[in-house]
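J.: Sending over run_36.cif (mmCIF, C-alpha atoms).
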```
data_model
loop_
_atom_site.label_atom_id
_atom_site.label_comp_id
_atom_site.auth_asym_id
_atom_site.auth_seq_id
_atom_site.Cartn_x
_atom_site.Cartn_y
_atom_site.Cartn_z
CA THR F 929 33.76 -28.92 -55.97
CA GLU F 930 31.90 -26.49 -53.76
CA ALA F 931 32.19 -28.86 -50.80
CA GLU F 932 35.95 -29.22 -51.29
CA TRP F 933 36.33 -25.43 -51.58
CA GLU F 934 34.35 -24.87 -48.37
CA TYR F 935 36.44 -27.43 -46.50
CA ALA F 936 39.72 -25.93 -47.71
CA ALA F 937 38.63 -22.33 -47.12
CA ARG F 938 37.73 -23.03 -43.48
CA GLY F 939 41.29 -24.10 -42.82
CA GLY F 940 40.25 -26.63 -40.20
CA LEU F 941 37.89 -24.33 -38.29
CA LYS F 942 34.35 -25.55 -37.58
CA GLN F 943 31.22 -23.39 -37.60
CA LYS F 944 33.06 -20.06 -37.92
CA ARG F 945 31.86 -17.16 -40.01
CA TYR F 946 35.27 -16.40 -41.58
CA PRO F 947 38.38 -18.49 -42.30
CA TRP F 948 40.04 -16.87 -39.23
CA GLY F 949 37.07 -16.94 -36.78
CA ASP F 950 33.82 -15.08 -36.13
CA GLU F 951 34.99 -11.45 -36.12
CA LEU F 952 35.41 -9.60 -39.41
CA LYS F 953 38.27 -7.47 -38.05
CA PRO F 954 39.79 -9.12 -34.99
CA GLY F 955 41.66 -6.48 -32.99
CA GLY F 956 40.72 -3.94 -35.68
CA GLU F 957 42.94 -5.72 -38.23
CA HIS F 958 41.68 -6.34 -41.76
CA ARG F 959 41.99 -9.98 -42.80
CA CYS F 960 40.50 -9.66 -46.28
CA ASN F 961 39.93 -7.20 -49.11
CA ILE F 962 36.30 -6.00 -49.15
CA TRP F 963 34.51 -2.70 -49.70
CA GLN F 964 34.64 -0.17 -46.85
CA GLY F 965 32.48 2.91 -47.07
CA LYS F 966 29.15 3.64 -48.76
CA PHE F 967 28.59 1.01 -51.45
CA PRO F 968 28.85 1.57 -54.40
CA LEU F 969 29.76 5.25 -54.15
CA VAL F 970 32.76 5.53 -51.82
CA ASN F 971 35.38 2.95 -50.92
CA HIS F 972 37.62 4.26 -48.11
CA ALA F 973 40.07 1.41 -48.79
CA SER F 974 40.91 1.13 -45.09
CA ASP F 975 42.03 -2.45 -45.83
CA GLY F 976 44.69 -0.94 -48.08
CA TYR F 977 43.09 -1.62 -51.48
CA VAL F 978 40.53 0.04 -53.73
CA GLY F 979 40.58 -2.80 -56.26
CA THR F 980 42.13 -6.24 -56.09
CA ALA F 981 44.97 -6.99 -53.68
CA PRO F 982 48.06 -9.14 -54.21
CA VAL F 983 47.29 -12.75 -53.38
CA ASN F 984 49.54 -12.72 -50.29
CA ALA F 985 48.42 -9.34 -48.93
CA TYR F 986 46.80 -10.98 -45.89
CA GLN F 987 47.74 -13.94 -43.72
CA PRO F 988 46.85 -17.39 -45.09
CA ASN F 989 44.37 -19.66 -43.34
CA ALA F 990 45.58 -22.63 -41.28
CA TYR F 991 45.93 -24.71 -44.48
CA GLY F 992 48.19 -22.07 -46.05
CA LEU F 993 45.57 -20.77 -48.51
CA TYR F 994 45.48 -17.04 -49.24
CA ASN F 995 42.48 -14.81 -49.94
CA VAL F 996 39.70 -17.35 -49.51
CA SER F 997 37.51 -14.44 -48.33
CA GLY F 998 37.27 -11.22 -50.29
CA ASN F 999 39.47 -9.97 -53.12
CA VAL F 1000 38.13 -12.02 -56.08
CA TRP F 1001 35.38 -14.59 -56.55
CA GLU F 1002 36.51 -18.14 -57.18
CA PHE F 1003 34.66 -20.57 -59.43
CA CYS F 1004 34.02 -24.16 -58.37
CA SER F 1005 33.35 -27.06 -60.71
CA ASP F 1006 29.78 -27.56 -59.40
CA TRP F 1007 26.78 -26.07 -61.13
CA PHE F 1008 24.85 -23.56 -59.00
CA SER F 1009 21.46 -24.50 -57.60
CA PRO F 1010 19.55 -22.60 -54.91
CA ASP F 1011 18.10 -25.79 -53.42
CA HIS F 1012 20.27 -28.76 -54.44
CA HIS F 1013 21.87 -28.78 -50.97
CA LEU F 1014 18.48 -29.70 -49.44
CA LYS F 1015 18.53 -33.12 -51.12
CA ALA F 1016 22.29 -33.71 -51.54
CA GLY F 1017 24.23 -35.87 -49.13
CA ARG F 1018 25.98 -34.29 -46.15
CA VAL F 1019 29.40 -35.86 -46.78
CA ASN F 1020 31.28 -34.33 -49.74
CA PRO F 1021 28.09 -33.55 -51.70
CA LYS F 1022 28.34 -33.10 -55.45
CA GLY F 1023 26.46 -30.35 -57.24
CA PRO F 1024 23.69 -30.89 -59.77
CA SER F 1025 24.58 -32.48 -63.11
CA LYS F 1026 23.70 -29.34 -65.11
CA GLY F 1027 22.87 -25.70 -64.66
CA GLN F 1028 23.14 -22.14 -65.93
CA SER F 1029 26.24 -21.01 -64.02
CA LYS F 1030 29.01 -22.39 -61.87
CA VAL F 1031 29.18 -21.92 -58.10
CA MET F 1032 31.22 -18.90 -56.99
CA ARG F 1033 32.79 -18.72 -53.54
CA GLY F 1034 34.92 -16.37 -51.48
CA GLY F 1035 33.47 -12.96 -52.22
CA SER F 1036 35.33 -10.06 -53.76
CA TYR F 1037 36.66 -6.57 -53.13
CA LEU F 1038 33.18 -5.37 -54.14
CA CYS F 1039 31.47 -7.17 -51.25
CA HIS F 1040 30.03 -4.92 -48.53
CA ARG F 1041 27.82 -5.56 -45.50
CA SER F 1042 24.85 -4.17 -47.51
CA TYR F 1043 25.65 -6.25 -50.61
CA CYS F 1044 26.74 -9.89 -51.00
CA ASN F 1045 27.52 -10.32 -47.31
CA ARG F 1046 27.79 -14.12 -47.21
#
```
Is it possible to express this structure as structure tokens?
T.:
Amino acid sequence: TEAEWEYAARGGLKQKRYPWGDELKPGGEHRCNIWQGKFPLVNHASDGYVGTAPVNAYQPNAYGLYNVSGNVWEFCSDWFSPDHHLKAGRVNPKGPSKGQSKVMRGGSYLCHRSYCNR
């Protein structure tokens, strides 16, 4: 589910922007595969990749999960809803019973600060 994915992706951290903390590049080090440069025209690939990266290209989170931010989107079993979270429970909420598309999490190598930034 989306809630299970979020829990696992955080790797035990609470209220942090990324699975490794609040800084995108702590100490100038890339921790995920995203677009660098002018989207969608130029990708400088300063993270080492123009397209997808090997699953273990970056350090895993504290739960041992790789690439939970960037690289490729991941589908969850929940149906997407822009407002279901407003009425769902706060403990392990389940998504709506039907919908048009599944929830996607994690971002991709195409994500850029001007496009799909969380």
J.: Could you tell me how far CA of Gly955 (chain F) sits from CA of Val978 (chain F), in Å to one decimal place?
T.: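 Separation between CA of Val978 (chain F) and CA of Gly955 (chain F): 21.8 Å.
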J.: How far is it from CA of Gly940 (chain F) to CA of Ser1005 (chain F), in Å with one decimal?
T.: 21.6 Å
J.: For the structure provided, state which residues fall under the PyMOL selection byres ((chain F and resi 980) around 9), and present them as a list in words.
T.: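 Here the PyMOL selection byres ((chain F and resi 980) around 9) matches Asn961, Tyr977, Val978, Gly979, Ala981, Pro982, Val983, Asn999, Val1000, Ser1036 and Tyr1037 of chain F.
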J.: Name the closest residue to His958 (chain F) among the candidates F:Asn1020, F:Asn971, F:Gln987, F:Thr929; distances are taken between atoms, counting only C-alpha atoms.
T.: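 For His958 (chain F), the nearest of the given residues is F:Gln987.
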J.: Enter the distance from CA of Leu941 (chain F) to CA of Ser1029 (chain F), in Å, rounded to one decimal.
T.: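 Atom-to-atom, CA of Leu941 (chain F) and CA of Ser1029 (chain F) are spaced 28.4 Å apart.
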J.: Which residues are near Val996 (chain F)? Cut-off 6 Å, all atoms listed in the file, ignore same chain within fewer than 2 positions. Put them as a PyMOL selection string.
T.: chain F and resi 937+994+1034
J.: Next, dump the selected residues to file, keeping only C-alpha atoms, as a tab-separated table (two decimals), in the frame of the given file.
T.:
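Result file is result.tsv:
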```
chain	number	residue	atom	x	y	z
F	937	ALA	CA	38.63	-22.33	-47.12
F	994	TYR	CA	45.48	-17.04	-49.24
F	1034	GLY	CA	34.92	-16.37	-51.48
```
J.: Got a sec: who's within 9 Å of Ser1009 (chain F), counting only C-alpha atoms, leaving out chain neighbours fewer than 2 positions off, as a PDB file with C-alpha atoms, in the coordinates of the input?
T.:
```
ATOM      1  CA  TRP F1007      26.780 -26.070 -61.130  1.00  0.00           C
ATOM      2  CA  ASP F1011      18.100 -25.790 -53.420  1.00  0.00           C
ATOM      3  CA  HIS F1012      20.270 -28.760 -54.440  1.00  0.00           C
ATOM      4  CA  HIS F1013      21.870 -28.780 -50.970  1.00  0.00           C
ATOM      5  CA  GLY F1023      26.460 -30.350 -57.240  1.00  0.00           C
ATOM      6  CA  PRO F1024      23.690 -30.890 -59.770  1.00  0.00           C
ATOM      7  CA  GLY F1027      22.870 -25.700 -64.660  1.00  0.00           C
ATOM      8  CA  GLN F1028      23.140 -22.140 -65.930  1.00  0.00           C
ATOM      9  CA  SER F1029      26.240 -21.010 -64.020  1.00  0.00           C
ATOM     10  CA  LYS F1030      29.010 -22.390 -61.870  1.00  0.00           C
ATOM     11  CA  VAL F1031      29.180 -21.920 -58.100  1.00  0.00           C
TER      12      VAL F1031
END
```
J.: For a cutoff of 9 Å around the file-coordinate point (46.6, -3.6, -43.8), which residues qualify once you count only C-alpha atoms? I'd like the result as a list in words.
T.: Glu957, His958, Arg959, Cys960, Ser974, Asp975, Gly976, Tyr977, Ala985 and Tyr986 of chain F
J.: What residues come out when you apply the PyMOL selection byres ((chain F and resi 936) around 12) to this file, written as a list in words?
T.: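 What the PyMOL selection byres ((chain F and resi 936) around 12) grabs from the file is Thr929, Glu930, Ala931, Glu932, Trp933, Glu934, Tyr935, Ala937, Arg938, Gly939, Gly940, Leu941, Lys942, Pro947, Pro988, Asn989, Ala990, Tyr991, Gly992, Leu993, Tyr994, Asn995, Val996, Ser997, Arg1033 and Gly1034 of chain F.
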J.: When distances are computed from all atoms listed in the file, which of F:Gly998, F:Pro1021, F:Val970, F:Cys1044 shows the smallest separation from Leu952 (chain F)?
T.: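 Of F:Gly998, F:Pro1021, F:Val970, F:Cys1044, the one nearest Leu952 (chain F) is F:Gly998, counting all atoms listed in the file.
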J.: Would you list the residues near (34.8, -18.0, -64.3), meaning any protein, DNA or RNA residue with an atom at most 9 Å from that point in file coordinates, counting all atoms listed in the file, as number ranges by chain?
T.: F: 1001-1004, 1030, 1032
J.: Write the residues of the preceding selection, restricted to C-alpha atoms, as a PDB file, keeping the file's coordinate frame.
T.:
```pdb
ATOM      1  CA  TRP F1001      35.380 -14.590 -56.550  1.00  0.00           C
ATOM      2  CA  GLU F1002      36.510 -18.140 -57.180  1.00  0.00           C
ATOM      3  CA  PHE F1003      34.660 -20.570 -59.430  1.00  0.00           C
ATOM      4  CA  CYS F1004      34.020 -24.160 -58.370  1.00  0.00           C
ATOM      5  CA  LYS F1030      29.010 -22.390 -61.870  1.00  0.00           C
ATOM      6  CA  MET F1032      31.220 -18.900 -56.990  1.00  0.00           C
TER       7      MET F1032
END
```
J.: Just so the selection is clear, what residues does the PyMOL selection byres ((chain F and resi 1040) around 10) cover here, as a PyMOL selection string?
T.: chain F and resi 962-968+971+998+1035-1039+1041-1046
J.: Write out as a ChimeraX atom specification each polymer residue whose atoms come within 10 Å of Ser1025 (chain F), counting only C-alpha atoms; drop sequence neighbours fewer than 3 positions from it.
T.: /F:1006-1008,1022
